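What follows is work.txt (compact mmCIF, C-alpha atoms (C1' of nucleotides)).
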# COMPACT_ATOMS: atom_id res chain seq x y z
CA MET A 1 35.21 24.96 20.04
CA ASN A 2 32.01 23.92 18.28
CA LYS A 3 33.60 21.61 15.73
CA ARG A 4 31.69 18.62 17.05
CA LEU A 5 28.29 20.25 17.24
CA GLU A 6 28.81 21.74 13.82
CA GLN A 7 29.64 18.35 12.34
CA LYS A 8 26.62 16.85 14.08
CA GLN A 9 24.26 19.39 12.60
CA LYS A 10 25.85 18.97 9.20
CA THR A 11 25.30 15.22 9.41
CA ARG A 12 21.69 15.70 10.43
CA GLU A 13 21.13 18.08 7.55
CA GLN A 14 22.77 15.64 5.16
CA ILE A 15 20.39 12.91 6.32
CA ARG A 16 17.40 15.19 5.87
CA GLU A 17 18.48 16.23 2.40
CA LYS A 18 19.21 12.75 1.11
CA ALA A 19 16.17 11.26 2.84
CA ARG A 20 13.98 13.75 0.99
CA ILE A 21 15.45 12.66 -2.32
CA VAL A 22 15.16 8.94 -1.60
CA PHE A 23 11.64 9.26 -0.16
CA LEU A 24 10.42 11.23 -3.17
CA ARG A 25 11.93 8.70 -5.55
CA LYS A 26 10.76 5.50 -3.87
CA GLY A 27 7.93 6.52 -1.60
CA PHE A 28 8.02 6.70 2.18
CA LEU A 29 7.11 3.08 2.74
CA GLN A 30 9.31 1.58 0.04
CA ALA A 31 12.44 3.54 0.90
CA THR A 32 14.70 1.82 3.43
CA THR A 33 16.78 3.36 6.18
CA ALA A 34 19.86 1.54 4.86
CA GLU A 35 19.37 3.16 1.48
CA ILE A 36 19.00 6.61 2.98
CA ALA A 37 22.11 6.09 5.13
CA GLU A 38 24.09 5.06 2.05
CA ALA A 39 22.85 8.09 0.10
CA ALA A 40 23.82 10.34 3.00
CA ASP A 41 27.23 8.62 3.13
CA ILE A 42 26.95 7.68 6.79
CA ALA A 43 26.74 4.36 8.62
CA HIS A 44 23.31 2.80 8.97
CA GLY A 45 23.41 3.16 12.73
CA THR A 46 24.22 6.86 12.56
CA LEU A 47 20.80 7.54 11.12
CA PHE A 48 19.25 6.29 14.34
CA LEU A 49 21.39 8.62 16.44
CA HIS A 50 19.67 11.52 14.70
CA PHE A 51 16.18 10.04 14.20
CA SER A 52 15.15 7.43 16.69
CA SER A 53 12.85 5.68 14.21
CA LYS A 54 12.03 5.66 10.53
CA GLU A 55 8.56 6.96 11.40
CA LEU A 56 10.00 10.09 13.01
CA LEU A 57 12.24 10.67 10.01
CA ILE A 58 9.24 10.34 7.70
CA ILE A 59 7.25 12.77 9.82
CA GLU A 60 10.02 15.37 9.76
CA ILE A 61 10.63 15.12 6.00
CA LEU A 62 6.95 14.92 5.11
CA ASP A 63 6.18 17.91 7.29
CA GLN A 64 8.93 19.86 5.58
CA VAL A 65 7.73 18.86 2.09
CA LEU A 66 4.05 19.52 2.88
CA GLU A 67 4.91 22.85 4.43
CA LYS A 68 6.67 24.00 1.27
CA VAL A 69 3.99 22.60 -1.02
CA SER A 70 1.15 24.12 1.00
CA ARG A 71 2.79 27.52 1.09
CA GLN A 72 3.31 27.60 -2.66
CA ILE A 73 -0.19 26.41 -3.38
CA GLU A 74 -1.70 28.95 -1.00
CA ILE A 75 0.04 31.71 -2.93
CA GLN A 76 -1.30 30.44 -6.25
CA LEU A 77 -4.83 29.87 -4.99
CA SER A 78 -5.23 33.13 -3.13
CA SER A 79 -4.60 35.05 -6.37
CA SER A 80 -7.25 33.07 -8.26
CA LEU A 81 -10.60 34.73 -8.47
CA ASP A 82 -13.12 32.35 -9.95
CA CYS A 83 -13.68 28.66 -9.45
CA GLU A 84 -12.40 27.31 -12.74
CA GLN A 85 -9.28 29.41 -12.55
CA MET A 86 -8.62 28.08 -9.07
CA LEU A 87 -9.10 24.45 -10.06
CA SER A 88 -6.80 25.06 -13.00
CA SER A 89 -4.14 26.59 -10.77
CA TYR A 90 -4.43 23.69 -8.39
CA LEU A 91 -3.94 21.16 -11.19
CA ASP A 92 -0.95 23.12 -12.49
CA PHE A 93 0.57 22.90 -9.09
CA LEU A 94 -0.11 19.19 -8.77
CA GLU A 95 1.55 18.63 -12.12
CA GLN A 96 4.59 20.49 -10.94
CA GLU A 97 4.89 18.33 -7.81
CA GLU A 98 3.26 15.22 -9.21
CA ASP A 99 5.76 12.69 -7.82
CA ILE A 100 4.98 13.46 -4.21
CA PHE A 101 1.23 13.52 -4.77
CA VAL A 102 1.31 10.16 -6.53
CA ILE A 103 3.09 8.73 -3.49
CA LEU A 104 0.60 10.27 -1.07
CA ALA A 105 -2.39 9.06 -3.10
CA ARG A 106 -1.12 5.51 -2.90
CA GLU A 107 0.35 5.39 0.56
CA LEU A 108 -2.09 7.50 2.55
CA PRO A 109 -4.23 4.58 3.74
CA TYR A 110 -1.15 2.86 5.15
CA TYR A 111 0.27 5.73 7.16
CA SER A 112 -0.05 6.02 10.92
CA ASP A 113 -2.91 8.10 12.25
CA GLU A 114 -0.57 10.97 13.02
CA LEU A 115 0.85 11.14 9.50
CA ARG A 116 -2.58 10.84 7.93
CA ARG A 117 -3.95 13.59 10.09
CA LYS A 118 -1.11 15.94 9.13
CA ILE A 119 -1.67 15.35 5.44
CA ILE A 120 -5.43 15.67 5.63
CA PHE A 121 -5.07 18.83 7.68
CA ARG A 122 -2.87 20.43 5.02
CA GLN A 123 -5.29 19.35 2.34
CA SER A 124 -8.21 20.80 4.26
CA ILE A 125 -6.71 24.27 3.94
CA ILE A 126 -6.61 23.93 0.16
CA ARG A 127 -10.11 22.50 0.18
CA GLY A 128 -11.21 25.54 2.15
CA HIS A 129 -10.17 27.89 -0.65
CA ILE A 130 -12.01 25.93 -3.31
CA HIS A 131 -15.02 25.51 -1.05
CA ARG A 132 -15.19 29.25 -0.54
CA VAL A 133 -15.08 30.04 -4.24
CA ILE A 134 -17.77 27.48 -5.05
CA GLN A 135 -19.95 28.90 -2.29
CA GLU A 136 -19.53 32.38 -3.76
CA GLY A 137 -20.37 31.07 -7.23
CA ILE A 138 -23.57 29.56 -5.90
CA THR A 139 -24.50 32.72 -4.03
CA VAL A 140 -24.14 34.93 -7.09
CA GLY A 141 -26.05 32.36 -9.13
CA LYS A 142 -23.25 31.36 -11.50
CA LEU A 143 -22.94 27.81 -10.21
CA ILE A 144 -25.59 25.19 -9.56
CA ASP A 145 -27.02 24.96 -6.07
CA CYS A 146 -25.12 21.99 -4.67
CA HIS A 147 -23.42 21.19 -1.39
CA PRO A 148 -20.00 22.80 -1.89
CA ALA A 149 -18.17 20.43 0.49
CA MET A 150 -19.37 17.44 -1.47
CA ALA A 151 -18.45 19.06 -4.77
CA VAL A 152 -14.94 19.65 -3.46
CA THR A 153 -14.69 16.05 -2.30
CA VAL A 154 -15.73 14.81 -5.72
CA PHE A 155 -13.10 16.99 -7.35
CA PHE A 156 -10.33 15.85 -5.01
CA SER A 157 -11.42 12.24 -5.38
CA THR A 158 -11.14 12.43 -9.14
CA VAL A 159 -7.69 13.93 -9.06
CA ASP A 160 -6.64 11.40 -6.44
CA TYR A 161 -7.83 8.55 -8.63
CA PHE A 162 -5.73 9.65 -11.59
CA LEU A 163 -2.71 10.06 -9.35
CA LYS A 164 -3.18 6.73 -7.63
CA LEU A 165 -3.49 4.80 -10.87
CA LYS A 166 -1.11 6.92 -12.87
CA PRO A 167 0.59 3.97 -14.66
CA VAL A 168 -2.81 2.78 -15.88
CA PHE A 169 -3.49 6.14 -17.52
CA VAL A 170 -0.11 7.20 -18.88
CA GLU A 171 3.06 5.33 -19.75
CA GLU A 172 5.25 8.29 -19.01
CA GLY A 173 4.99 11.99 -18.36
CA SER A 174 2.44 13.74 -16.19
CA VAL A 175 -0.98 12.18 -15.73
CA ILE A 176 -2.33 15.52 -14.55
CA ALA A 177 -1.11 17.30 -17.66
CA ARG A 178 -2.70 14.59 -19.79
CA PHE A 179 -6.13 14.84 -18.16
CA LYS A 180 -6.20 18.42 -16.95
CA GLN A 181 -8.51 19.66 -19.71
CA ASP A 182 -10.86 16.67 -19.34
CA ILE A 183 -11.13 17.21 -15.60
CA LEU A 184 -11.70 20.93 -15.95
CA GLU A 185 -14.28 20.40 -18.66
CA ILE A 186 -16.35 17.88 -16.75
CA PHE A 187 -16.38 20.05 -13.64
CA ARG A 188 -17.27 23.11 -15.70
CA LYS A 189 -20.26 21.20 -17.08
CA PHE A 190 -21.12 19.77 -13.68
CA LEU A 191 -20.96 23.05 -11.82
CA GLN A 192 -21.98 25.78 -14.23
CA LYS A 193 -25.62 26.67 -14.26
CA ASP A 194 -25.97 27.64 -17.87
CA HIS A 195 -26.20 24.66 -20.18
CA SER A 196 -27.55 26.54 -23.15
CA SER A 197 -24.32 26.53 -25.17
CA MET B 1 -11.41 -45.92 -4.74
CA ASN B 2 -9.27 -42.82 -5.19
CA LYS B 3 -8.96 -41.91 -1.55
CA ARG B 4 -5.70 -40.08 -2.24
CA LEU B 5 -7.00 -37.91 -5.06
CA GLU B 6 -10.11 -37.15 -3.10
CA GLN B 7 -8.06 -36.04 -0.11
CA LYS B 8 -5.87 -33.92 -2.37
CA GLN B 9 -8.84 -32.09 -3.81
CA LYS B 10 -10.31 -31.66 -0.36
CA THR B 11 -7.05 -30.09 0.82
CA ARG B 12 -6.92 -27.77 -2.17
CA GLU B 13 -10.49 -26.74 -1.54
CA GLN B 14 -9.70 -26.18 2.13
CA ILE B 15 -6.84 -23.88 1.18
CA ARG B 16 -9.04 -21.95 -1.20
CA GLU B 17 -11.78 -21.56 1.37
CA LYS B 18 -9.55 -20.43 4.22
CA ALA B 19 -7.43 -18.26 1.93
CA ARG B 20 -10.57 -16.43 0.87
CA ILE B 21 -11.45 -15.75 4.50
CA VAL B 22 -7.96 -14.63 5.47
CA PHE B 23 -7.52 -12.51 2.33
CA LEU B 24 -10.84 -10.75 2.86
CA ARG B 25 -10.01 -10.11 6.50
CA LYS B 26 -6.44 -8.87 6.10
CA GLY B 27 -6.12 -7.93 2.44
CA PHE B 28 -4.20 -9.78 -0.21
CA LEU B 29 -0.88 -8.09 0.51
CA GLN B 30 -1.07 -8.19 4.30
CA ALA B 31 -2.15 -11.81 4.58
CA THR B 32 0.74 -14.27 4.85
CA THR B 33 1.01 -17.74 3.40
CA ALA B 34 1.92 -19.05 6.85
CA GLU B 35 -1.32 -17.65 8.26
CA ILE B 36 -3.39 -19.18 5.49
CA ALA B 37 -1.70 -22.55 5.97
CA GLU B 38 -2.45 -22.41 9.68
CA ALA B 39 -6.08 -21.50 9.04
CA ALA B 40 -6.39 -24.37 6.57
CA ASP B 41 -4.78 -26.66 9.16
CA ILE B 42 -2.01 -27.83 6.86
CA ALA B 43 1.77 -27.44 6.91
CA HIS B 44 3.12 -24.23 5.46
CA GLY B 45 4.91 -26.12 2.71
CA THR B 46 1.77 -27.95 1.64
CA LEU B 47 0.30 -24.71 0.41
CA PHE B 48 3.05 -24.49 -2.20
CA LEU B 49 2.29 -28.00 -3.48
CA HIS B 50 -1.12 -26.71 -4.48
CA PHE B 51 -0.26 -23.14 -5.48
CA SER B 52 3.27 -22.56 -6.67
CA SER B 53 3.35 -18.97 -5.42
CA LYS B 54 1.36 -16.57 -3.29
CA GLU B 55 0.69 -14.54 -6.43
CA LEU B 56 -1.01 -17.49 -8.13
CA LEU B 57 -3.10 -18.15 -5.04
CA ILE B 58 -4.16 -14.50 -4.97
CA ILE B 59 -5.05 -14.62 -8.65
CA GLU B 60 -7.21 -17.71 -8.19
CA ILE B 61 -9.06 -16.40 -5.14
CA LEU B 62 -9.45 -12.90 -6.51
CA ASP B 63 -10.76 -14.23 -9.80
CA GLN B 64 -13.28 -16.33 -7.91
CA VAL B 65 -14.39 -13.40 -5.75
CA LEU B 66 -14.55 -10.95 -8.66
CA GLU B 67 -16.47 -13.45 -10.75
CA LYS B 68 -19.13 -13.81 -8.09
CA VAL B 69 -19.29 -10.11 -7.38
CA SER B 70 -19.45 -9.15 -11.06
CA ARG B 71 -22.22 -11.62 -11.76
CA GLN B 72 -24.37 -10.35 -8.91
CA ILE B 73 -23.81 -6.75 -9.82
CA GLU B 74 -24.61 -7.38 -13.48
CA ILE B 75 -27.95 -8.79 -12.42
CA GLN B 76 -28.72 -5.77 -10.26
CA LEU B 77 -27.64 -3.26 -12.85
CA SER B 78 -29.37 -4.82 -15.82
CA SER B 79 -32.71 -4.41 -14.07
CA SER B 80 -32.09 -0.70 -13.44
CA LEU B 81 -33.62 1.59 -15.99
CA ASP B 82 -32.50 5.12 -15.27
CA CYS B 83 -29.18 6.55 -14.24
CA GLU B 84 -29.89 7.40 -10.64
CA GLN B 85 -31.49 4.05 -9.99
CA MET B 86 -28.44 2.34 -11.42
CA LEU B 87 -25.99 4.35 -9.34
CA SER B 88 -28.11 3.58 -6.30
CA SER B 89 -28.10 -0.14 -7.04
CA TYR B 90 -24.36 -0.06 -7.54
CA LEU B 91 -23.82 1.62 -4.18
CA ASP B 92 -26.15 -0.88 -2.50
CA PHE B 93 -24.04 -3.63 -3.90
CA LEU B 94 -20.79 -2.03 -2.82
CA GLU B 95 -22.16 -1.69 0.69
CA GLN B 96 -23.02 -5.36 0.73
CA GLU B 97 -19.47 -6.35 -0.31
CA GLU B 98 -17.68 -3.37 1.16
CA ASP B 99 -14.79 -5.26 2.74
CA ILE B 100 -13.41 -6.52 -0.55
CA PHE B 101 -13.84 -3.16 -2.27
CA VAL B 102 -12.00 -1.36 0.52
CA ILE B 103 -9.12 -3.77 0.04
CA LEU B 104 -9.09 -3.30 -3.73
CA ALA B 105 -9.26 0.49 -3.43
CA ARG B 106 -6.17 0.49 -1.25
CA GLU B 107 -4.11 -2.27 -2.78
CA LEU B 108 -4.81 -1.82 -6.49
CA PRO B 109 -1.75 0.36 -7.18
CA TYR B 110 0.49 -2.30 -5.67
CA TYR B 111 -0.76 -5.33 -7.57
CA SER B 112 1.09 -6.89 -10.49
CA ASP B 113 0.05 -5.81 -13.96
CA GLU B 114 -1.87 -9.03 -14.46
CA LEU B 115 -3.94 -8.64 -11.30
CA ARG B 116 -4.61 -4.98 -12.00
CA ARG B 117 -5.73 -5.74 -15.51
CA LYS B 118 -8.17 -8.40 -14.30
CA ILE B 119 -9.74 -6.04 -11.80
CA ILE B 120 -9.93 -3.12 -14.19
CA PHE B 121 -11.42 -5.36 -16.84
CA ARG B 122 -14.19 -6.47 -14.49
CA GLN B 123 -14.81 -2.88 -13.50
CA SER B 124 -14.99 -1.82 -17.13
CA ILE B 125 -18.03 -4.04 -17.64
CA ILE B 126 -19.83 -2.27 -14.81
CA ARG B 127 -18.69 1.10 -16.15
CA GLY B 128 -20.13 0.13 -19.49
CA HIS B 129 -23.61 -0.22 -18.03
CA ILE B 130 -23.49 3.15 -16.33
CA HIS B 131 -21.93 4.76 -19.38
CA ARG B 132 -24.78 3.46 -21.52
CA VAL B 133 -27.48 4.81 -19.24
CA ILE B 134 -25.84 8.23 -19.04
CA GLN B 135 -25.53 8.30 -22.82
CA GLU B 136 -29.22 7.51 -23.12
CA GLY B 137 -30.08 10.22 -20.62
CA ILE B 138 -28.14 12.75 -22.65
CA THR B 139 -29.76 11.64 -25.91
CA VAL B 140 -33.27 12.05 -24.57
CA GLY B 141 -32.31 15.39 -23.06
CA LYS B 142 -32.73 14.48 -19.39
CA LEU B 143 -29.04 14.77 -18.51
CA ILE B 144 -26.55 17.51 -19.25
CA ASP B 145 -24.46 17.17 -22.36
CA CYS B 146 -21.17 15.91 -20.94
CA HIS B 147 -18.65 13.28 -21.88
CA PRO B 148 -20.21 10.15 -20.33
CA ALA B 149 -16.90 8.31 -19.89
CA MET B 150 -15.51 11.17 -17.86
CA ALA B 151 -18.69 11.38 -15.78
CA VAL B 152 -18.38 7.68 -15.00
CA THR B 153 -14.75 8.10 -14.03
CA VAL B 154 -15.64 10.94 -11.67
CA PHE B 155 -18.32 8.78 -10.07
CA PHE B 156 -16.04 5.78 -9.62
CA SER B 157 -13.26 8.01 -8.32
CA THR B 158 -15.51 9.44 -5.66
CA VAL B 159 -16.67 6.05 -4.46
CA ASP B 160 -13.09 4.78 -4.54
CA TYR B 161 -11.96 7.68 -2.39
CA PHE B 162 -14.51 6.96 0.34
CA LEU B 163 -13.55 3.29 0.27
CA LYS B 164 -9.83 3.96 0.33
CA LEU B 165 -10.04 6.30 3.30
CA LYS B 166 -12.90 4.55 5.05
CA PRO B 167 -11.42 4.88 8.59
CA VAL B 168 -11.15 8.65 8.10
CA PHE B 169 -14.85 8.90 7.32
CA VAL B 170 -16.44 6.38 9.66
CA GLU B 171 -15.33 4.74 12.87
CA GLU B 172 -17.34 1.64 12.23
CA GLY B 173 -20.06 0.39 9.95
CA SER B 174 -20.34 0.97 6.24
CA VAL B 175 -18.84 4.09 4.70
CA ILE B 176 -20.98 3.61 1.61
CA ALA B 177 -24.17 3.45 3.66
CA ARG B 178 -23.12 6.60 5.47
CA PHE B 179 -22.47 8.63 2.30
CA LYS B 180 -24.78 6.99 -0.19
CA GLN B 181 -27.36 9.77 -0.14
CA ASP B 182 -24.73 12.50 -0.35
CA ILE B 183 -23.09 10.86 -3.34
CA LEU B 184 -26.39 10.30 -5.11
CA GLU B 185 -27.49 13.84 -4.43
CA ILE B 186 -24.36 15.49 -5.77
CA PHE B 187 -24.42 13.40 -8.92
CA ARG B 188 -28.10 14.09 -9.39
CA LYS B 189 -27.35 17.81 -9.24
CA PHE B 190 -24.28 17.42 -11.41
CA LEU B 191 -25.96 15.38 -14.13
CA GLN B 192 -29.58 16.47 -14.30
CA LYS B 193 -30.39 19.22 -16.72
CA ASP B 194 -33.16 20.90 -14.81
CA HIS B 195 -31.89 23.09 -12.02
CA SER B 196 -35.12 25.03 -11.53
CA SER B 197 -36.24 23.25 -8.35
C1' DA C 1 49.77 14.93 27.82
C1' DA C 2 46.56 12.24 30.10
C1' DA C 3 41.76 11.56 30.75
C1' DC C 4 37.41 12.09 29.17
C1' DT C 5 33.43 12.90 25.92
C1' DC C 6 30.53 11.74 22.46
C1' DG C 7 29.48 11.48 17.38
C1' DG C 8 30.09 7.95 14.35
C1' DT C 9 30.73 3.04 12.89
C1' DG C 10 29.17 -1.25 10.93
C1' DA C 11 28.65 -5.81 12.30
C1' DC C 12 24.97 -7.84 14.51
C1' DT C 13 20.15 -9.05 16.02
C1' DG C 14 15.69 -10.55 15.58
C1' DA C 15 11.42 -10.52 13.31
C1' DA C 16 8.97 -11.21 9.14
C1' DT C 17 8.06 -13.75 5.20
C1' DA C 18 8.06 -16.39 0.71
C1' DC C 19 9.57 -20.45 -0.71
C1' DT C 20 12.35 -25.36 -0.62
C1' DC C 21 13.55 -30.02 0.27
C1' DA C 22 14.76 -34.37 2.49
C1' DC C 23 11.94 -37.25 4.64
C1' DT C 24 7.58 -39.81 6.30
C1' DC C 25 3.87 -42.79 6.08
C1' DA C 26 -0.90 -43.89 4.50
C1' DG C 27 -2.69 -46.02 0.91
C1' DA C 28 -2.42 -47.97 -3.97
C1' DA C 29 -0.60 -51.68 -6.82
C1' DG C 30 1.02 -56.20 -7.78
C1' DC D 1 2.72 -59.21 2.31
C1' DT D 2 5.89 -56.35 -0.08
C1' DT D 3 7.00 -52.58 -2.74
C1' DC D 4 6.12 -48.25 -4.59
C1' DT D 5 4.01 -43.65 -4.85
C1' DG D 6 3.10 -39.13 -3.81
C1' DA D 7 0.55 -35.93 -0.60
C1' DG D 8 1.93 -33.91 3.32
C1' DT D 9 5.41 -32.32 6.74
C1' DG D 10 8.04 -28.85 9.11
C1' DA D 11 12.61 -27.58 9.76
C1' DG D 12 15.37 -24.93 7.05
C1' DT D 13 17.00 -21.28 3.48
C1' DA D 14 17.25 -16.84 1.60
C1' DT D 15 16.15 -12.29 1.87
C1' DT D 16 14.78 -7.93 3.64
C1' DC D 17 14.08 -4.91 7.11
C1' DA D 18 14.31 -1.67 11.33
C1' DG D 19 16.78 -1.08 15.04
C1' DT D 20 21.01 -2.00 18.63
C1' DC D 21 25.54 -2.02 20.72
C1' DA D 22 30.37 -2.53 21.74
C1' DC D 23 33.91 -0.05 20.21
C1' DC D 24 36.81 3.65 17.96
C1' DG D 25 39.07 7.87 17.65
C1' DA D 26 38.87 12.90 16.91
C1' DG D 27 38.15 16.66 19.67
C1' DT D 28 37.74 18.79 24.34
C1' DT D 29 38.85 19.38 29.09
C1' DT D 30 41.82 19.22 33.04
Write-out of the structure in structure tokens:
Amino acid sequence: MNKRLEQKQKTREQIREKARIVFLRKGFLQATTAEIAEAADIAHGTLFLHFSSKELLIIEILDQVLEKVSRQIEIQLSSSLDCEQMLSSYLDFLEQEEDIFVILARELPYYSDELRRKIIFRQSIIRGHIHRVIQEGITVGKLIDCHPAMAVTVFFSTVDYFLKLKPVFVEEGSVIARFKQDILEIFRKFLQKDHSS
Amino acid sequence: MNKRLEQKQKTREQIREKARIVFLRKGFLQATTAEIAEAADIAHGTLFLHFSSKELLIIEILDQVLEKVSRQIEIQLSSSLDCEQMLSSYLDFLEQEEDIFVILARELPYYSDELRRKIIFRQSIIRGHIHRVIQEGITVGKLIDCHPAMAVTVFFSTVDYFLKLKPVFVEEGSVIARFKQDILEIFRKFLQKDHSS
DNA sequence: AAACTCGGTGACTGAATACTCACTCAGAAG
DNA sequence: CTTCTGAGTGAGTATTCAGTCACCGAGTTT
């Protein structure tokens, strides 16, 4: 009975799977629909039967990827207790998924409003965790009395900069791994109250 | 006498002038050679008699713009004595030339190696000034004992982030003007040794 | 088994866009 | 005045895309 429907869903899933791979390798803007269709072993036109535009395909895949990434990162961050440990966890996670974050750092300004909003919304959840821990640090007097939101922005900006210009900083391998200790050290010095050491 | 040569130079200058305007309005990557030709009131093909590729035209215009910008900023910075004053001057200057810096913040990862190197080289001169002042501040004990190069990177990253995502932060007007005080405040708190106030 | 349905096909379209080239004609040269 | 030169022209080429459509044929219904 459902041979047709089954095949249809299988095709759609195949597109999703291959699109994810192609998008993560070439970036959402650079990847072409023809390339994705070829990878999924379907005709170019078939792709548009399942996703009426490239934009919608990007939204679906990006949502899926962000969802997974956010969930994992939430788990890591919620088990971190102090600020430095949390920043360290966050950087570990970025390193693990560096390819996608490099793409986002570069392409974000060129996405449609909808896409940008989705990404920034996801990020704001992560920011919330770090914000909270900084606020606590300030309250108990361990961290300097600064505006936590701004401190978080500065941290994210720095990471973003290394991701965006990755090829300038490293020839190969992870740029986050390379600069993790430097980033952690400067923020430790920036944020911690005690400079007596 | 040389009416022909004169006209040729005039045309070349016209291309340069209009290209600068179009590039600064649409960005170097978005602007098209056809559009520039139309603005300069010449045939599309004529542009390629004067500049053998779009890349070369970009390099010439960008060099010209960066040259001017760097010179002005050098003047401003060399008259600044302390760190905060220098950062403030730098932000003032960015605000004044914000359009071009927004373009560079977004497009930098997509430029050819040559273009990127030119831009980063110019920036490194500016970084040098700030680096020097931070180093001095540390030596005399006014600033915390951090790695100055990393501090400079964090500062530039932050500014770059606001520029890159300008439309997220402000609907219209200057994003630097809007966040100048916040940026200066956080870096004051980050860098200054005395947190007693 | 005939008629119908609909997922899939891939050649095609049209819009951009960088770049080329055969040709023109104003102005220089003799 | 005649011939030559070369800056300028703009139609044309080549390429790259996202997106469309007339058609096919396997599977479903009658």
Could you give me, as a tab-separated table, a per-residue list for chain A showing, wherever an atom lies at most 8 Å from an atom of chain D, the closest pair of atoms and their distance in Å to one decimal, using only C-alpha atoms (C1' of nucleotides) and sorting by chain then residue number from low to high?
residue	atom	partner	partner_atom	distance
A:Met1	CA	D:DT28	C1'	7.9
A:Lys3	CA	D:DG27	C1'	7.8
A:Arg4	CA	D:DG27	C1'	7.2
A:Thr32	CA	D:DC17	C1'	7.7
A:Thr33	CA	D:DA18	C1'	7.6
A:Phe48	CA	D:DG19	C1'	7.8
A:Ser53	CA	D:DG19	C1'	7.9
A:Lys54	CA	D:DA18	C1'	7.7
Check: which chain C residues lie within 7 Å of chain A using all atoms listed in the file, as a PDB file with C-alpha atoms (C1' of nucleotides), in the frame of the given file:
ATOM      1  C1'  DG C   7      29.480  11.480  17.380  1.00  0.00           C
ATOM      2  C1'  DG C   8      30.090   7.950  14.350  1.00  0.00           C
ATOM      3  C1'  DT C   9      30.730   3.040  12.890  1.00  0.00           C
ATOM      4  C1'  DG C  10      29.170  -1.250  10.930  1.00  0.00           C
TER       5       DG C  10
END
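Straight-line separation from CA of Gln135 (chain B) to CA of Ala151 (chain B): 10.3 Å.
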Find the residues of chain A that sit at most 9 Å from chain B; for each, write down the nearest two atoms and how far apart they are in Å, to one decimal. Count only C-alpha atoms. Sort by chain, then by number going up, and give it as CSV.
residue,atom,partner,partner_atom,distance
A:Arg106,CA,B:Pro109,CA,6.7
A:Glu107,CA,B:Arg106,CA,8.4
A:Leu108,CA,B:Leu165,CA,8.1
A:Pro109,CA,B:Leu165,CA,6.1
A:Tyr110,CA,B:Arg106,CA,8.5
A:Arg116,CA,B:Val168,CA,8.8
A:Arg117,CA,B:Val168,CA,9.0
A:Ile144,CA,B:His195,CA,7.1
A:Asp145,CA,B:Lys189,CA,7.8
A:Cys146,CA,B:Lys189,CA,6.6
A:His147,CA,B:Ile186,CA,7.2
A:Met150,CA,B:Ile186,CA,6.9
A:Ala151,CA,B:Ile186,CA,7.0
A:Thr153,CA,B:Thr158,CA,7.5
A:Val154,CA,B:Thr158,CA,5.4
A:Phe155,CA,B:Val154,CA,7.9
A:Phe156,CA,B:Thr158,CA,8.3
A:Ser157,CA,B:Thr158,CA,5.0
A:Thr158,CA,B:Ser157,CA,5.0
A:Val159,CA,B:Ser157,CA,8.2
A:Asp160,CA,B:Tyr161,CA,7.7
A:Tyr161,CA,B:Ser157,CA,5.5
A:Phe162,CA,B:Ser157,CA,8.4
A:Lys164,CA,B:Pro109,CA,6.5
A:Leu165,CA,B:Pro109,CA,6.0
A:Lys166,CA,B:Pro109,CA,8.7
A:Pro167,CA,B:Pro109,CA,8.6
A:Val168,CA,B:Arg116,CA,8.9
A:Asp182,CA,B:Met150,CA,7.4
A:Ile183,CA,B:Met150,CA,7.8
A:Glu185,CA,B:Cys146,CA,8.5
A:Ile186,CA,B:Cys146,CA,6.7
A:Phe187,CA,B:Phe190,CA,8.6
A:Lys189,CA,B:Cys146,CA,6.6
A:Phe190,CA,B:Phe190,CA,4.5
A:Leu191,CA,B:Phe190,CA,6.5
A:Lys193,CA,B:His195,CA,7.6
A:His195,CA,B:Ile144,CA,7.2
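CA of Leu143 (chain B) to CA of Ile134 (chain A) spans 21.7 Å [interatomic distance, one decimal].
One finds CA of Glu172 (chain B) at 22.2 Å from CA of Ala149 (chain A).
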Problem - Polymer residues at most 6 Å from region 39-41 of chain B, all atoms listed in the file, same-chain spacing of 4 or more positions, as a PyMOL selection string - result: chain B and resi 14-15+18
Select region 1-15 of chain C in the preceding structure and write C-alpha atoms (C1' of nucleotides) to a file as a short mmCIF file (atom, residue, chain, number, x, y, z; two decimals), in the first residue's frame.
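In the end it all went to part.cif:
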data_model
loop_
_atom_site.label_atom_id
_atom_site.label_comp_id
_atom_site.auth_asym_id
_atom_site.auth_seq_id
_atom_site.Cartn_x
_atom_site.Cartn_y
_atom_site.Cartn_z
"C1'" DA C 1 -6.41 -4.82 -17.57
"C1'" DA C 2 -7.47 -0.24 -18.33
"C1'" DA C 3 -7.34 4.20 -16.30
"C1'" DC C 4 -5.47 7.10 -13.17
"C1'" DT C 5 -2.12 9.14 -9.75
"C1'" DC C 6 1.84 11.26 -8.50
"C1'" DG C 7 6.88 11.00 -7.29
"C1'" DG C 8 10.67 11.57 -10.01
"C1'" DT C 9 13.32 13.22 -14.12
"C1'" DG C 10 16.54 16.24 -16.40
"C1'" DA C 11 16.54 19.36 -20.04
"C1'" DC C 12 15.41 23.97 -19.97
"C1'" DT C 13 14.86 28.92 -18.50
"C1'" DG C 14 16.22 33.24 -17.15
"C1'" DA C 15 18.87 36.16 -14.36
#
